[in-house]
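Asker: As input, take run15.cif (mmCIF, C-alpha atoms):
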```
data_upload
#
loop_
_atom_site.label_atom_id
_atom_site.label_comp_id
_atom_site.auth_asym_id
_atom_site.auth_seq_id
_atom_site.Cartn_x
_atom_site.Cartn_y
_atom_site.Cartn_z
CA MET A 1367 -34.28 -15.20 1.45
CA GLY A 1368 -33.56 -11.95 3.25
CA PHE A 1369 -34.65 -9.84 0.37
CA TRP A 1370 -38.23 -11.06 0.28
CA LYS A 1371 -38.56 -11.28 4.01
CA SER A 1372 -37.56 -7.68 4.48
CA LEU A 1373 -39.43 -6.48 1.47
CA PHE A 1374 -42.80 -7.74 2.55
CA SER A 1375 -42.45 -7.39 6.28
CA GLY A 1376 -41.88 -3.72 5.61
CA SER A 1377 -38.87 -3.67 7.92
CA ASP A 1378 -36.11 -1.16 7.33
CA THR A 1379 -32.89 -2.30 8.94
CA PRO A 1380 -30.99 0.67 10.36
CA ALA A 1381 -27.84 1.58 8.49
CA ALA A 1382 -24.67 0.10 9.93
CA SER A 1383 -21.97 2.65 10.67
CA SER A 1384 -19.95 1.19 7.84
CA PRO A 1385 -22.16 -0.41 5.23
CA SER A 1386 -19.28 -1.55 3.08
CA GLN A 1387 -18.06 -3.80 5.86
CA THR A 1388 -21.46 -5.33 6.54
CA GLN A 1389 -22.62 -7.70 3.89
CA GLU A 1390 -25.86 -8.29 5.82
CA TYR A 1391 -26.80 -4.63 5.73
CA PHE A 1392 -30.16 -4.36 4.09
CA ALA A 1393 -32.93 -1.84 3.75
CA ALA A 1394 -36.04 -2.09 1.63
CA VAL A 1395 -37.88 1.15 1.07
CA ASP A 1396 -41.22 1.48 -0.63
CA VAL A 1397 -41.12 4.78 -2.47
CA GLY A 1398 -44.77 4.46 -3.28
CA ASN A 1399 -44.51 5.06 -7.01
CA ASP A 1400 -47.16 3.06 -8.76
CA ILE A 1401 -45.60 2.76 -12.19
CA SER A 1402 -48.35 0.69 -13.68
CA SER A 1403 -51.31 -1.15 -12.30
CA GLY A 1404 -50.22 -3.58 -9.61
CA SER A 1405 -46.55 -2.69 -9.58
CA ARG A 1406 -44.52 -0.90 -6.93
CA ILE A 1407 -40.95 0.41 -6.78
CA PHE A 1408 -38.54 -0.58 -4.02
CA PHE A 1409 -34.96 0.30 -3.17
CA SER A 1410 -32.52 -2.12 -1.58
CA THR A 1411 -28.96 -1.88 -0.30
CA ASP A 1412 -28.51 -5.65 -0.37
CA ARG A 1413 -25.27 -6.48 -2.21
CA ASP A 1414 -26.35 -9.99 -3.07
CA ILE A 1415 -27.44 -9.01 -6.57
CA ASP A 1416 -27.77 -11.49 -9.42
CA LEU A 1417 -24.84 -10.41 -11.59
CA TYR A 1418 -26.51 -11.65 -14.77
CA GLU A 1419 -29.58 -9.54 -13.99
CA LEU A 1420 -27.32 -6.53 -13.44
CA GLU A 1421 -25.50 -7.24 -16.70
CA GLU A 1422 -28.85 -7.38 -18.50
CA LEU A 1423 -29.74 -3.96 -17.08
CA CYS A 1424 -26.40 -2.51 -18.18
CA ASP A 1425 -26.80 -4.12 -21.61
CA ALA A 1426 -30.17 -2.37 -21.93
CA VAL A 1427 -28.49 1.04 -21.76
CA GLY A 1428 -25.70 -0.01 -24.11
CA TRP A 1429 -22.79 -0.24 -21.68
CA SER A 1430 -19.78 -2.37 -22.55
CA ARG A 1431 -19.74 -5.73 -20.83
CA ARG A 1432 -17.30 -6.17 -17.98
CA PRO A 1433 -15.92 -9.35 -16.37
CA LEU A 1434 -18.49 -10.46 -13.77
CA ARG A 1435 -15.65 -11.40 -11.42
CA LYS A 1436 -14.58 -7.76 -11.35
CA VAL A 1437 -18.15 -6.46 -11.10
CA LYS A 1438 -18.63 -8.72 -8.06
CA LYS A 1439 -15.43 -7.40 -6.47
CA ALA A 1440 -16.44 -3.79 -7.16
CA ILE A 1441 -19.84 -4.34 -5.53
CA GLN A 1442 -18.23 -5.98 -2.51
CA HIS A 1443 -15.85 -3.07 -2.04
CA SER A 1444 -18.23 -0.22 -2.74
CA PHE A 1445 -19.27 1.81 0.27
CA LEU A 1446 -22.90 1.85 -0.78
CA VAL A 1447 -24.85 -0.20 -3.31
CA ILE A 1448 -28.42 0.78 -4.20
CA SER A 1449 -30.64 -1.29 -6.43
CA MET A 1450 -34.10 -0.30 -7.60
CA TRP A 1451 -36.77 -2.93 -8.20
CA GLU A 1452 -40.17 -3.12 -9.76
CA VAL A 1453 -42.32 -5.59 -7.83
CA ARG A 1454 -45.53 -6.97 -9.25
CA GLY A 1455 -47.96 -8.97 -7.14
CA ASN A 1456 -46.31 -11.19 -4.56
CA ASN A 1457 -43.57 -12.91 -6.41
CA GLN A 1458 -42.28 -11.00 -9.41
CA ARG A 1459 -39.39 -8.60 -9.02
CA ARG A 1460 -37.27 -7.00 -11.69
CA LEU A 1461 -34.04 -5.02 -11.37
CA ILE A 1462 -34.73 -1.66 -13.03
CA GLY A 1463 -32.05 0.61 -11.55
CA PHE A 1464 -28.67 0.58 -9.87
CA ALA A 1465 -26.05 2.89 -8.38
CA ARG A 1466 -23.00 2.42 -6.20
CA ALA A 1467 -20.52 4.65 -4.41
CA THR A 1468 -16.90 4.35 -3.37
CA SER A 1469 -15.92 6.31 -0.29
CA ASP A 1470 -13.35 6.97 2.42
CA HIS A 1471 -16.22 6.60 4.94
CA ALA A 1472 -15.50 10.10 6.23
CA PHE A 1473 -15.44 12.94 3.71
CA ASN A 1474 -15.96 11.89 0.11
CA ALA A 1475 -18.10 9.52 -1.89
CA THR A 1476 -17.97 9.00 -5.64
CA LEU A 1477 -20.91 7.56 -7.58
CA TRP A 1478 -20.40 4.93 -10.27
CA ASP A 1479 -22.60 2.82 -12.53
CA VAL A 1480 -25.80 4.86 -12.16
CA VAL A 1481 -28.35 3.24 -14.45
CA VAL A 1482 -32.13 3.15 -14.94
CA HIS A 1483 -33.68 0.72 -17.42
CA PRO A 1484 -34.83 2.60 -20.56
CA ALA A 1485 -38.40 1.28 -20.15
CA PHE A 1486 -38.53 3.01 -16.76
CA GLN A 1487 -36.88 6.30 -17.71
CA GLY A 1488 -38.84 9.56 -17.88
CA LYS A 1489 -40.95 8.65 -14.83
CA GLY A 1490 -38.89 10.38 -12.15
CA LEU A 1491 -37.27 7.11 -11.05
CA GLY A 1492 -33.69 8.22 -11.80
CA LYS A 1493 -34.34 11.24 -9.61
CA ALA A 1494 -35.82 9.01 -6.87
CA LEU A 1495 -32.80 6.68 -7.10
CA MET A 1496 -30.38 9.58 -6.74
CA LYS A 1497 -32.32 11.20 -3.90
CA HIS A 1498 -32.33 7.88 -2.06
CA THR A 1499 -28.59 7.48 -2.68
CA ILE A 1500 -27.81 11.00 -1.46
CA LYS A 1501 -29.98 10.45 1.64
CA LYS A 1502 -28.10 7.23 2.45
CA LEU A 1503 -24.70 8.91 2.03
CA ARG A 1504 -25.79 11.88 4.13
CA SER A 1505 -26.96 9.51 6.87
CA GLU A 1506 -23.36 8.23 6.93
CA ASP A 1507 -22.10 11.80 7.40
CA ILE A 1508 -20.57 12.01 3.93
CA SER A 1509 -20.70 15.64 2.85
CA ASN A 1510 -18.86 15.66 -0.47
CA ILE A 1511 -20.66 13.55 -3.07
CA THR A 1512 -18.96 13.44 -6.45
CA LEU A 1513 -19.47 11.80 -9.81
CA PHE A 1514 -18.30 11.87 -13.40
CA ALA A 1515 -21.27 12.59 -15.66
CA ASP A 1516 -21.56 11.77 -19.33
CA PRO A 1517 -22.53 14.90 -21.32
CA HIS A 1518 -26.16 13.82 -21.86
CA VAL A 1519 -26.83 13.45 -18.10
CA VAL A 1520 -25.13 16.63 -16.87
CA ASP A 1521 -28.48 18.49 -16.79
CA PHE A 1522 -30.10 15.60 -14.94
CA TYR A 1523 -27.51 15.95 -12.16
CA HIS A 1524 -27.69 19.76 -12.21
CA ASN A 1525 -31.40 19.46 -11.47
CA LEU A 1526 -30.54 17.32 -8.45
CA GLY A 1527 -28.24 20.01 -7.08
CA PHE A 1528 -24.92 18.75 -8.42
CA ILE A 1529 -22.50 21.45 -9.58
CA SER A 1530 -20.05 20.91 -12.43
CA ASP A 1531 -16.49 22.18 -12.09
CA PRO A 1532 -17.14 24.23 -8.89
CA GLU A 1533 -14.47 26.92 -8.51
CA GLY A 1534 -12.78 25.62 -11.64
CA ILE A 1535 -12.14 22.14 -10.20
CA LYS A 1536 -11.65 19.73 -13.09
CA GLY A 1537 -12.53 16.07 -13.24
CA MET A 1538 -9.49 14.25 -14.66
CA PHE A 1539 -8.83 10.68 -15.79
CA TRP A 1540 -5.76 8.57 -16.23
CA TYR A 1541 -5.94 5.38 -18.30
CA PRO A 1542 -3.16 2.89 -19.07
CA ASN A 1543 -1.56 3.37 -22.48
CA MET B 1383 9.23 0.29 14.66
CA GLY B 1384 8.25 -1.21 11.32
CA PHE B 1385 8.85 1.99 9.46
CA TRP B 1386 12.51 2.28 10.32
CA LYS B 1387 13.18 -1.40 10.11
CA SER B 1388 11.84 -1.59 6.59
CA LEU B 1389 13.33 1.69 5.59
CA PHE B 1390 16.89 0.77 6.37
CA SER B 1391 16.81 -2.91 5.62
CA GLY B 1392 15.84 -1.94 2.13
CA SER B 1393 13.01 -4.48 2.09
CA ASP B 1394 9.98 -3.86 -0.06
CA THR B 1395 7.04 -5.89 1.19
CA PRO B 1396 4.98 -7.16 -1.74
CA ALA B 1397 1.60 -5.51 -2.15
CA ALA B 1398 -1.29 -7.37 -0.57
CA SER B 1399 -4.11 -8.14 -2.94
CA SER B 1400 -6.24 -5.68 -1.04
CA PRO B 1401 -4.13 -3.04 0.66
CA SER B 1402 -7.06 -1.29 2.27
CA GLN B 1403 -7.83 -4.39 4.28
CA THR B 1404 -4.29 -4.91 5.48
CA GLN B 1405 -3.11 -2.43 8.03
CA GLU B 1406 0.29 -4.13 8.15
CA TYR B 1407 0.90 -3.56 4.47
CA PHE B 1408 4.07 -1.59 4.09
CA ALA B 1409 6.55 -0.73 1.42
CA ALA B 1410 9.48 1.63 1.62
CA VAL B 1411 10.94 2.67 -1.67
CA ASP B 1412 14.09 4.68 -2.09
CA VAL B 1413 13.55 6.86 -5.14
CA GLY B 1414 17.14 7.94 -4.98
CA ASN B 1415 16.52 11.69 -5.14
CA ASP B 1416 19.19 13.48 -3.21
CA ILE B 1417 17.39 16.69 -2.37
CA SER B 1418 20.17 18.19 -0.38
CA SER B 1419 23.39 16.89 1.04
CA GLY B 1420 22.73 13.86 3.24
CA SER B 1421 19.01 13.63 2.66
CA ARG B 1422 17.04 11.02 0.75
CA ILE B 1423 13.38 10.68 -0.27
CA PHE B 1424 11.32 7.63 0.57
CA PHE B 1425 7.75 6.54 -0.09
CA SER B 1426 5.67 4.51 2.31
CA THR B 1427 2.22 2.93 2.22
CA ASP B 1428 2.12 2.56 6.00
CA ARG B 1429 -1.18 4.00 7.29
CA ASP B 1430 0.14 4.57 10.77
CA ILE B 1431 0.86 8.23 10.12
CA ASP B 1432 1.17 10.83 12.86
CA LEU B 1433 -2.01 12.83 12.26
CA TYR B 1434 -0.50 15.99 13.74
CA GLU B 1435 2.42 15.72 11.33
CA LEU B 1436 -0.04 15.29 8.46
CA GLU B 1437 -2.06 18.28 9.68
CA GLU B 1438 1.13 20.34 9.75
CA LEU B 1439 1.83 19.37 6.12
CA CYS B 1440 -1.72 20.33 5.08
CA ASP B 1441 -1.44 23.60 7.03
CA ALA B 1442 1.73 24.41 5.06
CA VAL B 1443 -0.24 24.45 1.80
CA GLY B 1444 -3.12 26.42 3.34
CA TRP B 1445 -5.78 23.71 3.52
CA SER B 1446 -8.65 24.08 5.96
CA ARG B 1447 -8.26 22.01 9.10
CA ARG B 1448 -10.41 18.92 9.43
CA PRO B 1449 -11.34 16.87 12.50
CA LEU B 1450 -8.48 14.40 13.09
CA ARG B 1451 -11.02 11.71 13.99
CA LYS B 1452 -12.42 11.94 10.45
CA VAL B 1453 -8.96 12.16 8.86
CA LYS B 1454 -8.03 8.95 10.72
CA LYS B 1455 -11.20 7.22 9.48
CA ALA B 1456 -10.60 8.40 5.90
CA ILE B 1457 -7.04 7.02 5.99
CA GLN B 1458 -8.24 3.70 7.40
CA HIS B 1459 -10.83 3.35 4.66
CA SER B 1460 -8.77 4.55 1.73
CA PHE B 1461 -7.68 1.87 -0.71
CA LEU B 1462 -4.17 3.25 -0.91
CA VAL B 1463 -2.24 5.71 1.23
CA ILE B 1464 1.12 7.02 0.08
CA SER B 1465 3.35 9.20 2.21
CA MET B 1466 6.60 10.79 1.08
CA TRP B 1467 9.44 11.34 3.52
CA GLU B 1468 12.70 13.19 3.62
CA VAL B 1469 15.21 11.21 5.66
CA ARG B 1470 18.42 12.74 6.94
CA GLY B 1471 21.18 10.66 8.47
CA ASN B 1472 19.95 7.72 10.52
CA ASN B 1473 17.23 9.13 12.67
CA GLN B 1474 15.54 12.16 11.20
CA ARG B 1475 12.50 11.80 9.02
CA ARG B 1476 10.04 14.42 7.90
CA LEU B 1477 6.67 14.00 6.18
CA ILE B 1478 6.89 16.06 2.99
CA GLY B 1479 4.15 14.61 0.80
CA PHE B 1480 0.94 12.64 0.90
CA ALA B 1481 -1.75 11.16 -1.34
CA ARG B 1482 -4.54 8.68 -0.88
CA ALA B 1483 -7.07 6.93 -3.09
CA THR B 1484 -10.55 5.54 -2.62
CA SER B 1485 -11.46 2.60 -4.83
CA ASP B 1486 -13.85 -0.24 -5.58
CA HIS B 1487 -10.76 -2.52 -5.73
CA ALA B 1488 -11.69 -3.49 -9.30
CA PHE B 1489 -12.20 -0.71 -11.82
CA ASN B 1490 -11.88 2.80 -10.42
CA ALA B 1491 -9.71 4.73 -8.01
CA THR B 1492 -10.10 8.38 -7.06
CA LEU B 1493 -7.21 10.41 -5.64
CA TRP B 1494 -7.69 12.75 -2.69
CA ASP B 1495 -5.49 14.96 -0.52
CA VAL B 1496 -2.49 15.09 -2.85
CA VAL B 1497 0.02 17.42 -1.21
CA VAL B 1498 3.73 18.24 -1.35
CA HIS B 1499 5.30 20.58 1.21
CA PRO B 1500 6.00 24.00 -0.38
CA ALA B 1501 9.68 23.78 0.57
CA PHE B 1502 9.95 20.60 -1.54
CA GLN B 1503 7.93 21.75 -4.55
CA GLY B 1504 9.58 22.43 -7.92
CA LYS B 1505 11.99 19.51 -7.52
CA GLY B 1506 10.01 16.84 -9.37
CA LEU B 1507 8.79 15.27 -6.13
CA GLY B 1508 5.08 15.80 -6.86
CA LYS B 1509 5.63 14.02 -10.13
CA ALA B 1510 7.52 11.20 -8.37
CA LEU B 1511 4.71 10.91 -5.78
CA MET B 1512 2.08 10.64 -8.51
CA LYS B 1513 4.09 8.17 -10.58
CA HIS B 1514 4.56 6.00 -7.52
CA THR B 1515 0.81 6.23 -6.74
CA ILE B 1516 -0.18 5.32 -10.31
CA LYS B 1517 2.27 2.41 -10.28
CA LYS B 1518 0.77 1.08 -7.04
CA LEU B 1519 -2.78 1.37 -8.38
CA ARG B 1520 -1.81 -0.30 -11.64
CA SER B 1521 -0.21 -3.16 -9.69
CA GLU B 1522 -3.66 -3.67 -8.13
CA ASP B 1523 -5.18 -3.88 -11.64
CA ILE B 1524 -7.02 -0.55 -11.32
CA SER B 1525 -7.30 0.91 -14.81
CA ASN B 1526 -9.40 4.04 -14.31
CA ILE B 1527 -7.62 6.55 -12.07
CA THR B 1528 -9.58 9.73 -11.45
CA LEU B 1529 -9.20 12.93 -9.48
CA PHE B 1530 -10.65 16.39 -9.06
CA ALA B 1531 -7.96 18.97 -9.75
CA ASP B 1532 -7.88 22.56 -8.54
CA PRO B 1533 -7.37 24.94 -11.48
CA HIS B 1534 -3.70 25.66 -10.64
CA VAL B 1535 -2.72 21.97 -10.76
CA VAL B 1536 -4.59 20.95 -13.92
CA ASP B 1537 -1.43 21.36 -16.04
CA PHE B 1538 0.60 19.36 -13.52
CA TYR B 1539 -1.79 16.42 -13.98
CA HIS B 1540 -1.95 16.90 -17.74
CA ASN B 1541 1.82 16.47 -17.83
CA LEU B 1542 1.40 13.17 -15.98
CA GLY B 1543 -1.01 11.89 -18.63
CA PHE B 1544 -4.31 12.78 -16.95
CA ILE B 1545 -7.05 14.00 -19.31
CA SER B 1546 -9.65 16.56 -18.24
CA ASP B 1547 -13.29 16.02 -19.25
CA PRO B 1548 -12.55 13.15 -21.69
CA GLU B 1549 -15.41 12.79 -24.20
CA GLY B 1550 -17.21 15.61 -22.41
CA ILE B 1551 -17.44 13.75 -19.07
CA LYS B 1552 -17.95 16.33 -16.33
CA GLY B 1553 -16.75 16.16 -12.76
CA MET B 1554 -19.71 17.10 -10.55
CA PHE B 1555 -20.13 17.78 -6.84
CA TRP B 1556 -23.04 17.73 -4.44
CA TYR B 1557 -22.74 19.45 -1.07
CA PRO B 1558 -25.33 19.70 1.70
CA ASN B 1559 -27.24 22.98 1.77
#
```
With the file now loaded, output its structure as structure tokens.
Answerer:
Amino acid sequence: MGFWKSLFSGSDTPAASSPSQTQEYFAAVDVGNDISSGSRIFFSTDRDIDLYELEELCDAVGWSRRPLRKVKKAIQHSFLVISMWEVRGNNQRRLIGFARATSDHAFNATLWDVVVHPAFQGKGLGKALMKHTIKKLRSEDISNITLFADPHVVDFYHNLGFISDPEGIKGMFWYPN
Amino acid sequence: MGFWKSLFSGSDTPAASSPSQTQEYFAAVDVGNDISSGSRIFFSTDRDIDLYELEELCDAVGWSRRPLRKVKKAIQHSFLVISMWEVRGNNQRRLIGFARATSDHAFNATLWDVVVHPAFQGKGLGKALMKHTIKKLRSEDISNITLFADPHVVDFYHNLGFISDPEGIKGMFWYPN
């Protein structure tokens, strides 16, 4: 499987000019964080994520369940998908973080579904996930990175350089009645 | 040309399941607003927009100019593109409004570049443009429509049913240093 091959060969496939159109696009990056003895943290942009494993991660932070059919479609049509993995030894990997971005491939990207497993929070991994995501978007020449932050994570994003309501700009939502 | 053919035959091509992947997708809708004697307002989802005409529209509201190469790319990779036209007689059309949305094709859409020419503001056309855009997104089963509103248009979006900072959710931006 591509994931393991790339992960352990240490290869880092260059970013395609349009990652959302390239299902094969893949990059494994060893961030070098030794979380506990014998484990390492990797990032991947592979979209071929086990949807049940992703659901389990989202369950762990208390998110409402969503139809997997729609989650699959959203992943397919996101501009960038980043997953964060804990790898132990040679054959154990666990999905511990996730983020994705929609984009017009030119000016703007918007982050959605940013999540770090509670057991891995407070170790700087959310920050590492976001820095990796920003770096990927910047490498695609996206200069306006946006998101909608729940109140309890606003400070987290401030610390990463995000600004809330710059020049009075308001984030607004429309939902069906 | 497809535009005129569809415009005057009154046909309304059904929405493709994934408009952003279908360059041929087109719908002309007569909203029936008679702005002045002999003129009518139409909406189109055709992406084949004259970029100089769009730049002229954006100039009219004082927006900073952007590289047309990037504007073209952004239009190509938007999920939905809506243009609003004034048509006089049989052969005169003028671009008077525009909006586009990025999306994951499943849950979320984000509106960008919403503009109505100053000469056509105050006539309910911005509202018509937004209602048409929301209707199109809803027909694609998108339930979370978001945007970032400049302070002077927050009330405009409130009146359309948009909510700012629901449950304390903050719109946040990251720009390169």
Asker: Using all atoms listed in the file, which of the listed residues (A:Ile1462, A:Ile1508, A:Ala1515, A:Ile1500) sits closest to Ile1551 (chain B)?
Answerer: A:Ala1515
Asker: I need the contact residues of chain B against chain A, so if you could list those with any atom within 8 Å, counting all atoms listed in the file, and return them as an MDAnalysis selection string, that would help.
Answerer: chainID B and resid 1452:1453 1455:1460 1484:1489 1525:1533 1536 1543:1558
Asker: Suppose you want the space between CA of Val1480 (chain A) and CA of Met1512 (chain B); what is it in Å?
Answerer: 28.7 Å
Asker: Rounded to one decimal in Å, what is the spacing between CA of Met1466 (chain B) and CA of Glu1438 (chain B)?
Answerer: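 Distance between the two atoms: 14.0 Å.
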Asker: Report, in Å with one decimal, the straight-line distance from CA of Arg1422 (chain B) to CA of Trp1467 (chain B).
Answerer: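 It comes out at 8.1 Å.
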Asker: Run the PyMOL selection byres ((chain B and resi 1474) around 12) mentally over the shown coordinates, then write out the matched residues as a PDB file with C-alpha atoms, in the coordinates of the input, using the chain letters and numbers from the document.
Answerer:
```pdb
ATOM      1  CA  TRP B1386      12.510   2.280  10.320  1.00  0.00           C
ATOM      2  CA  GLY B1420      22.730  13.860   3.240  1.00  0.00           C
ATOM      3  CA  SER B1421      19.010  13.630   2.660  1.00  0.00           C
ATOM      4  CA  ARG B1422      17.040  11.020   0.750  1.00  0.00           C
ATOM      5  CA  ILE B1423      13.380  10.680  -0.270  1.00  0.00           C
ATOM      6  CA  TRP B1467       9.440  11.340   3.520  1.00  0.00           C
ATOM      7  CA  GLU B1468      12.700  13.190   3.620  1.00  0.00           C
ATOM      8  CA  VAL B1469      15.210  11.210   5.660  1.00  0.00           C
ATOM      9  CA  ARG B1470      18.420  12.740   6.940  1.00  0.00           C
ATOM     10  CA  GLY B1471      21.180  10.660   8.470  1.00  0.00           C
ATOM     11  CA  ASN B1472      19.950   7.720  10.520  1.00  0.00           C
ATOM     12  CA  ASN B1473      17.230   9.130  12.670  1.00  0.00           C
ATOM     13  CA  ARG B1475      12.500  11.800   9.020  1.00  0.00           C
ATOM     14  CA  ARG B1476      10.040  14.420   7.900  1.00  0.00           C
ATOM     15  CA  LEU B1477       6.670  14.000   6.180  1.00  0.00           C
TER      16      LEU B1477
END
```
Asker: Using only C-alpha atoms and a cutoff of 9 Å, can you tell me which residues are near (-23.6, -8.4, -16.8) in the file's coordinates, and write them out as a list in words?
Answerer: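 The requested residues, written out, are Leu1417, Tyr1418, Glu1419, Leu1420, Glu1421, Glu1422, Leu1423, Cys1424, Asp1425, Arg1431, Arg1432, Pro1433, Leu1434 and Val1437 of chain A.
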